[in-house]
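Novice: Next up is a structure, given as structure tokens.
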Amino acid sequence: MKQSKQKKTSRAAAAQHHAHMRRATARRAAAAAELPYEVRRSRIHGRGVYATRRIVKGTRVVEYIGERISHEVADARYDEKGDDDGHTFLFVVDDDICIDAGVGGNAARYINHSCAPNCETLIDDKRVFIEAIRDIEPGEELGYDYQLTWESTDDPAELALYDCRCGAAQCRGTMLDVTPLDKKKRKRARRKR
């Protein structure tokens, strides 16, 4: 007895069969086409975000989203990571809130550090946005200066985890802020006297 040949269908073909699936697929494609960026492999580190069309200076490119957690939760969550792993998707919003883009995050978490940035971060009403600080051409990787905080008493081996590989002509060699936090605090205290 012969068996009838079954036609193998792809997900796309199956989606075309159902009207609601066609609309959902079309909406996703349209939303992706509207974005001025895409995520792909980066020469700097892992994945990066690249302009797909010209982005004009002053454009809010993307919001940094993810789970909103306390600093205590962030510390507990990332204490479990290895000491040799400085990689997280945490963004400090204020003294109370961190955004963990490793949970529910978007493409913004893949924007790499740059010592010659074309973007900067803005905190507006406890939301974080990435904004272009100059015109960005198609194909350019987006980057902002992480300015990670540290203290002069921090372990040099731990600080070495934050070496910079941006390749900028004026690369400072680290994603850390130029001045340690404890020195900034002392300077502010002297000014108040």
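Going by the structure tokens order, chains are called A, B, ..., each with residues numbered from 1, while ligands are numbered from 1 in the order shown.
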List the neighbours of Arg43 of chain A out to 10 Å using only C-alpha atoms; skip same-chain residues closer than 2 positions along the sequence, and give me the result as a list in words.
Specialist: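 The residues that qualify are Arg40, Arg41, His45, Gly46, Arg47, Gly48, Glu141, Arg165, Cys166 and Gly167 of chain A.
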Novice: For Asp75 of chain A, please output as a count of residues only all residues within 12 Å (counting only C-alpha atoms; exclusion window: fewer than 5 positions along the same chain).
Specialist: 10
Novice: Looking only at alpha helix (DSSP H) from DSSP on the backbone, list the matching residues of segment 20-140 of chain A as a PyMOL selection string.
Specialist: chain A and resi 20-34+71-79
Novice: Please tabulate, as a Markdown table, the residues of segment 132-155 of chain A that come within 12 Å of segment 184-188 of chain A, each with its closest pair of atoms and the distance in Å to one decimal, counting only C-alpha atoms and ordering rows by chain, then residue number upward.
Specialist:
```
| residue | atom | partner | partner_atom | distance |
| --- | --- | --- | --- | --- |
| A:Thr149 | CA | A:Lys184 | CA | 10.4 |
| A:Trp150 | CA | A:Lys184 | CA | 10.5 |
| A:Glu151 | CA | A:Lys184 | CA | 9.5 |
| A:Ser152 | CA | A:Lys184 | CA | 10.6 |
```
Novice: Please report the interatomic distance between atom CA of His71 of chain A and atom CA of Ser42 of chain A in Å with one decimal.
Specialist: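 Taking atom CA of His71 of chain A and atom CA of Ser42 of chain A, their separation equals 29.3 Å.
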Novice: Could you check the closest approach to Val56 of chain A for each of A:Arg134, A:Arg191, A:His113, A:Arg77 and tell me which residue wins, using only C-alpha atoms?
Specialist: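 Smallest distance to Val56 of chain A is found for A:Arg134.
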Novice: One decimal, Å: what's the distance from atom CA of Arg53 of chain A over to atom CA of Ala132 of chain A, could you say?
Specialist: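 Spanning atom CA of Arg53 of chain A to atom CA of Ala132 of chain A is a straight-line distance of 12.9 Å.
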Novice: Using only C-alpha atoms, which residue out of A:Tyr144, A:Tyr37, A:Tyr50, A:Tyr78 lies closest to Pro117 of chain A?
Specialist: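 Once distances to Pro117 of chain A are computed over only C-alpha atoms, the minimum belongs to A:Tyr144.
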Novice: What's the separation between atom CA of Val62 of chain A and atom CA of Glu34 of chain A, in Å to one decimal place?
Specialist: 11.9 Å
Novice: Can you pull out the residues contacting Arg172 of chain A? Cut-off 12 Å, using only C-alpha atoms, and skip same-chain residues under 3 positions away; I want them as a list in words.
Specialist: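 Within the cut-off, the hits are His113, Ser114, Cys115, Ala116, Asp145, Gln147, Tyr162, Asp163, Cys164, Arg165, Cys166, Gly167, Ala168, Ala169, Met175, Leu176, Asp177 and Val178 of chain A.
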Novice: Please, could you write that set of residues out with N, CA and C atoms as a compact mmCIF listing (two decimals), in the first residue's frame?
Specialist:
```
# COMPACT_ATOMS: atom_id res chain seq x y z
N HIS A 113 30.86 49.65 24.99
CA HIS A 113 31.57 50.84 25.47
C HIS A 113 32.45 51.38 24.35
N SER A 114 32.62 52.69 24.33
CA SER A 114 33.57 53.32 23.41
C SER A 114 34.19 54.53 24.10
N CYS A 115 35.49 54.68 23.94
CA CYS A 115 36.19 55.86 24.46
C CYS A 115 36.00 57.06 23.52
N ALA A 116 35.49 56.80 22.31
CA ALA A 116 35.15 57.85 21.34
C ALA A 116 33.69 57.62 20.95
N ASP A 145 30.20 55.83 26.44
CA ASP A 145 31.21 55.67 27.49
C ASP A 145 30.52 55.13 28.73
N GLN A 147 31.66 54.62 31.72
CA GLN A 147 32.05 55.34 32.93
C GLN A 147 31.70 54.54 34.19
N TYR A 162 37.77 45.07 33.33
CA TYR A 162 37.08 46.13 32.61
C TYR A 162 37.99 46.83 31.60
N ASP A 163 38.99 46.09 31.10
CA ASP A 163 39.84 46.63 30.04
C ASP A 163 38.99 46.96 28.82
N CYS A 164 39.36 48.00 28.12
CA CYS A 164 38.62 48.43 26.93
C CYS A 164 39.29 47.91 25.67
N ARG A 165 38.48 47.52 24.72
CA ARG A 165 38.96 47.04 23.42
C ARG A 165 38.30 47.80 22.28
N CYS A 166 37.92 49.06 22.54
CA CYS A 166 37.15 49.81 21.55
C CYS A 166 37.97 50.17 20.31
N GLY A 167 39.27 50.28 20.46
CA GLY A 167 40.12 50.58 19.31
C GLY A 167 40.16 52.04 18.92
N ALA A 168 39.58 52.92 19.71
CA ALA A 168 39.60 54.36 19.39
C ALA A 168 41.02 54.89 19.48
N ALA A 169 41.33 55.90 18.68
CA ALA A 169 42.66 56.49 18.69
C ALA A 169 43.05 56.98 20.08
N MET A 175 37.02 50.63 30.67
CA MET A 175 35.63 51.09 30.64
C MET A 175 35.27 51.83 31.92
N LEU A 176 36.22 51.88 32.85
CA LEU A 176 36.00 52.55 34.13
C LEU A 176 36.06 54.06 33.97
N ASP A 177 35.35 54.76 34.84
CA ASP A 177 35.39 56.21 34.87
C ASP A 177 36.83 56.63 35.15
N VAL A 178 37.21 57.80 34.70
CA VAL A 178 38.57 58.28 34.86
C VAL A 178 38.94 58.44 36.34
```
Novice: Given only C-alpha atoms as the basis, pick out the residue of A:Leu142, A:Ile130, A:Cys119, A:Cys171 nearest to Val61 of chain A.
Specialist: A:Ile130
Novice: To test your reading of the structure, identify every residue in segment 94-131 of chain A that backbone DSSP assigns to strand (DSSP E or B), and report it as a PyMOL selection string.
Specialist: chain A and resi 98-100+112-113+119-124+127-131
Novice: For the selection just defined, write its residues with C-alpha atoms to a file, as a short mmCIF file (atom, residue, chain, number, x, y, z; two decimals), in the first residue's frame.
Specialist:
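Output saved as out_22.cif:
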```cif
data_model
loop_
_atom_site.label_atom_id
_atom_site.label_comp_id
_atom_site.auth_asym_id
_atom_site.auth_seq_id
_atom_site.Cartn_x
_atom_site.Cartn_y
_atom_site.Cartn_z
CA CYS A 98 19.05 49.14 38.67
CA ILE A 99 17.86 47.81 35.34
CA ASP A 100 18.92 44.23 34.62
CA ASN A 112 29.35 48.38 23.62
CA HIS A 113 31.57 50.84 25.47
CA CYS A 119 25.97 58.05 21.79
CA GLU A 120 25.34 58.92 25.41
CA THR A 121 22.87 57.77 28.03
CA LEU A 122 20.11 59.97 29.37
CA ILE A 123 18.05 59.24 32.46
CA ASP A 124 14.61 60.79 32.11
CA ARG A 127 13.96 55.64 32.33
CA VAL A 128 17.24 55.24 30.45
CA PHE A 129 17.62 56.27 26.82
CA ILE A 130 20.52 56.00 24.41
CA GLU A 131 20.83 59.20 22.35
#
```
Novice: Env of Thr52 of chain A: 7 Å cut, atoms = only C-alpha atoms, seq-sep filter 3 positions within chain, self excluded. Answer as an MDAnalysis selection string.
Specialist: chainID A and resid 36:38 138:139
Novice: Quick one: write out the picked residues with N, CA and C atoms as a tab-separated table (two decimals), in the first residue's frame?
Specialist:
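As written to disk, out_1.tsv reads:
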```tsv
chain	number	residue	atom	x	y	z
A	36	PRO	N	16.30	51.83	13.55
A	36	PRO	CA	17.47	52.35	12.84
A	36	PRO	C	18.75	51.58	13.17
A	37	TYR	N	18.60	50.40	13.73
A	37	TYR	CA	19.77	49.62	14.15
A	37	TYR	C	19.47	48.13	14.06
A	38	GLU	N	20.56	47.35	14.14
A	38	GLU	CA	20.45	45.89	14.22
A	38	GLU	C	21.57	45.36	15.11
A	138	PRO	N	25.17	54.70	8.38
A	138	PRO	CA	24.83	53.28	8.28
A	138	PRO	C	26.09	52.40	8.38
A	139	GLY	N	26.00	51.34	9.14
A	139	GLY	CA	27.12	50.42	9.31
A	139	GLY	C	28.00	50.73	10.50
```
